[in-house]
$ cat start-v5.cif   # mmCIF, C-alpha atoms
data_entry
#
loop_
_atom_site.group_PDB
_atom_site.id
_atom_site.type_symbol
_atom_site.label_atom_id
_atom_site.label_comp_id
_atom_site.auth_asym_id
_atom_site.auth_seq_id
_atom_site.Cartn_x
_atom_site.Cartn_y
_atom_site.Cartn_z
ATOM 1 C CA MET A 173 111.389 119.847 99.610
ATOM 2 C CA ILE A 174 108.483 119.247 101.960
ATOM 3 C CA GLU A 175 109.241 116.609 104.565
ATOM 4 C CA ASN A 176 106.557 114.139 105.559
ATOM 5 C CA ALA A 177 106.725 115.191 109.229
ATOM 6 C CA LEU A 178 105.665 118.718 108.242
ATOM 7 C CA LEU A 179 102.388 117.418 106.834
ATOM 8 C CA GLY A 180 101.279 116.084 110.213
ATOM 9 C CA ARG A 181 102.244 119.279 112.012
ATOM 10 C CA VAL A 182 100.317 121.383 109.495
ATOM 11 C CA MET A 183 97.231 119.177 109.782
ATOM 12 C CA ASP A 184 97.412 119.448 113.581
ATOM 13 C CA GLN A 185 97.513 123.243 113.319
ATOM 14 C CA VAL A 186 94.524 123.276 110.976
ATOM 15 C CA ALA A 187 92.552 121.004 113.324
ATOM 16 C CA GLU A 188 93.329 123.276 116.295
ATOM 17 C CA ARG A 189 92.214 126.359 114.350
ATOM 18 C CA ALA A 190 89.284 124.898 112.425
ATOM 19 C CA ASP A 191 86.919 127.569 113.718
ATOM 20 C CA ARG A 192 89.054 130.506 112.526
ATOM 21 C CA PRO A 193 88.536 132.395 109.262
ATOM 22 C CA GLU A 194 90.742 131.322 106.350
ATOM 23 C CA ASP A 195 92.848 134.492 106.400
ATOM 24 C CA GLU A 196 93.688 134.023 110.097
ATOM 25 C CA LEU A 197 94.558 130.378 109.493
ATOM 26 C CA LEU A 198 96.848 131.378 106.636
ATOM 27 C CA THR A 199 98.589 133.990 108.796
ATOM 28 C CA ASP A 200 99.047 131.436 111.596
ATOM 29 C CA LEU A 201 100.512 128.815 109.248
ATOM 30 C CA ARG A 202 102.940 131.270 107.654
ATOM 31 C CA ALA A 203 104.114 132.438 111.087
ATOM 32 C CA ARG A 204 104.509 128.911 112.458
ATOM 33 C CA PHE A 205 106.262 127.486 109.395
ATOM 34 C CA PRO A 206 108.426 130.263 107.901
ATOM 35 C CA GLY A 207 109.944 129.506 104.520
ATOM 36 C CA VAL A 208 107.005 127.356 103.426
ATOM 37 C CA HIS A 209 104.563 128.830 100.910
ATOM 38 C CA PHE A 210 100.933 128.316 101.966
ATOM 39 C CA SER A 211 97.646 128.807 100.190
ATOM 40 C CA VAL A 212 94.247 128.087 101.731
ATOM 41 C CA CYS A 213 91.124 127.237 99.769
ATOM 42 C CA SER A 214 88.083 124.998 99.851
ATOM 43 C CA ASP A 215 88.644 121.347 99.051
ATOM 44 C CA ASP A 216 85.851 121.739 96.484
ATOM 45 C CA ASP A 217 88.203 124.030 94.521
ATOM 46 C CA MET A 218 90.828 121.306 94.017
ATOM 47 C CA PRO A 219 90.793 119.057 90.927
ATOM 48 C CA ALA A 220 89.127 115.736 91.756
ATOM 49 C CA ARG A 221 91.785 113.842 89.795
ATOM 50 C CA LEU A 222 94.585 115.166 92.030
ATOM 51 C CA THR A 223 95.644 112.945 94.924
ATOM 52 C CA PRO A 224 96.343 114.830 98.150
ATOM 53 C CA ALA A 225 99.694 114.408 99.900
ATOM 54 C CA ALA A 226 97.862 113.975 103.216
ATOM 55 C CA GLY A 227 94.546 114.678 104.844
ATOM 56 C CA ASN A 228 92.418 114.525 107.959
ATOM 57 C CA ASP A 229 88.830 115.402 108.911
ATOM 58 C CA PHE A 230 89.552 119.120 108.492
ATOM 59 C CA CYS A 231 91.705 119.451 105.376
ATOM 60 C CA ARG A 232 93.627 117.865 102.548
ATOM 61 C CA LEU A 233 97.159 118.982 101.734
ATOM 62 C CA TYR A 234 98.558 119.314 98.222
ATOM 63 C CA TYR A 235 102.153 120.050 97.212
ATOM 64 C CA VAL A 236 103.036 123.280 95.400
ATOM 65 C CA GLU A 237 106.176 123.713 93.302
ATOM 66 C CA SER A 238 107.692 127.094 92.516
ATOM 67 C CA ALA A 239 110.723 126.114 90.415
ATOM 68 C CA GLY A 240 109.365 127.777 87.274
ATOM 69 C CA HIS A 241 108.039 131.270 86.865
ATOM 70 C CA CYS A 242 104.583 130.184 88.093
ATOM 71 C CA LEU A 243 103.394 128.137 91.032
ATOM 72 C CA GLN A 244 101.992 124.752 90.112
ATOM 73 C CA LEU A 245 100.565 121.739 91.890
ATOM 74 C CA THR A 246 102.817 118.706 91.991
ATOM 75 C CA GLY A 247 102.806 115.210 93.393
ATOM 76 C CA ASP A 248 106.546 115.388 94.096
ATOM 77 C CA ALA A 249 107.461 116.182 97.714
ATOM 78 C CA ASP A 250 111.108 116.712 96.717
ATOM 79 C CA ALA A 251 110.167 119.443 94.233
ATOM 80 C CA ALA A 252 107.600 121.077 96.524
ATOM 81 C CA SER A 253 108.213 124.422 98.192
ATOM 82 C CA GLY A 254 104.784 124.833 99.726
ATOM 83 C CA LEU A 255 101.361 123.460 100.444
ATOM 84 C CA VAL A 256 97.789 124.134 99.497
ATOM 85 C CA VAL A 257 95.579 123.614 102.542
ATOM 86 C CA ALA A 258 92.218 122.602 101.109
ATOM 87 C CA LEU A 259 89.629 122.927 103.850
ATOM 88 C CA ILE A 260 86.873 120.337 104.028
ATOM 89 C CA ASP A 261 83.382 121.735 104.555
ATOM 90 C CA ARG A 262 82.438 120.196 107.892
ATOM 91 C CA ASN A 263 78.750 121.027 107.278
ATOM 92 C CA GLU A 264 78.605 118.544 104.412
ATOM 93 C CA SER A 265 79.716 115.584 106.573
#

$ encode --input "start-v5.cif" --output "structure tokens"
Amino acid sequence: MIENALLGRVMDQVAERADRPEDELLTDLRARFPGVHFSVCSDDDMPARLTPAAGNDFCRLYYVESAGHCLQLTGDADAASGLVVALIDRNES
């Protein structure tokens, strides 16, 4: 389960580290929020039909479920075990 309060804390961390490379951001998030699975990608890589769980000027967050043998995107915060941090290209704004 991913609690709503976590979303805001993750977005704050992304905003503070917006100038860092993706791999450093991922390492920082995993260290700051142990037990939560994180993936980082470009927001352009996410399906347009999928509604993010939260977002700000720097990223959109999507829930990830790992109950089966494969990770999958979900809209269900109760089933989620992690987050995809989809970074918004600030040069396109």

$ resolve_selection --input "start-v5.cif" --expression "the PyMOL selection byres ((chain A and resi 175) around 12)" --output "list of chain:residue names"
A:Met173, A:Ile174, A:Asn176, A:Ala177, A:Leu178, A:Leu179, A:Gly180, A:Arg181, A:Val182, A:Val208, A:Ala225, A:Ala226, A:Tyr235, A:Asp248, A:Ala249, A:Asp250, A:Ala251, A:Ala252, A:Ser253, A:Gly254, A:Leu255

$ closest_residue --input "start-v5.cif" --among "A:Gly240, A:Val212, A:Asn263, A:Thr246" --to "A:Pro193" --atoms "only C-alpha atoms"
A:Val212

$ atom_distance --input "start-v5.cif" --atom1 "atom CA of A:Thr223" --atom2 "atom CA of A:Arg192"
25.7 Å

$ resolve_selection --input "start-v5.cif" --expression "the PyMOL selection byres ((chain A and resi 194) around 12)" --output "list in words"
Val186, Arg189, Ala190, Asp191, Arg192, Pro193, Asp195, Glu196, Leu197, Leu198, Thr199, Asp200, Leu201, Phe210, Ser211, Val212, Cys213, Ser214, Cys231, Val257, Ala258, Leu259 and Ile260 of chain A

$ closest_residue --input "start-v5.cif" --among "A:Leu222, A:His209, A:Arg262, A:Asp216" --to "A:Glu237" --atoms "all atoms listed in the file"
A:His209
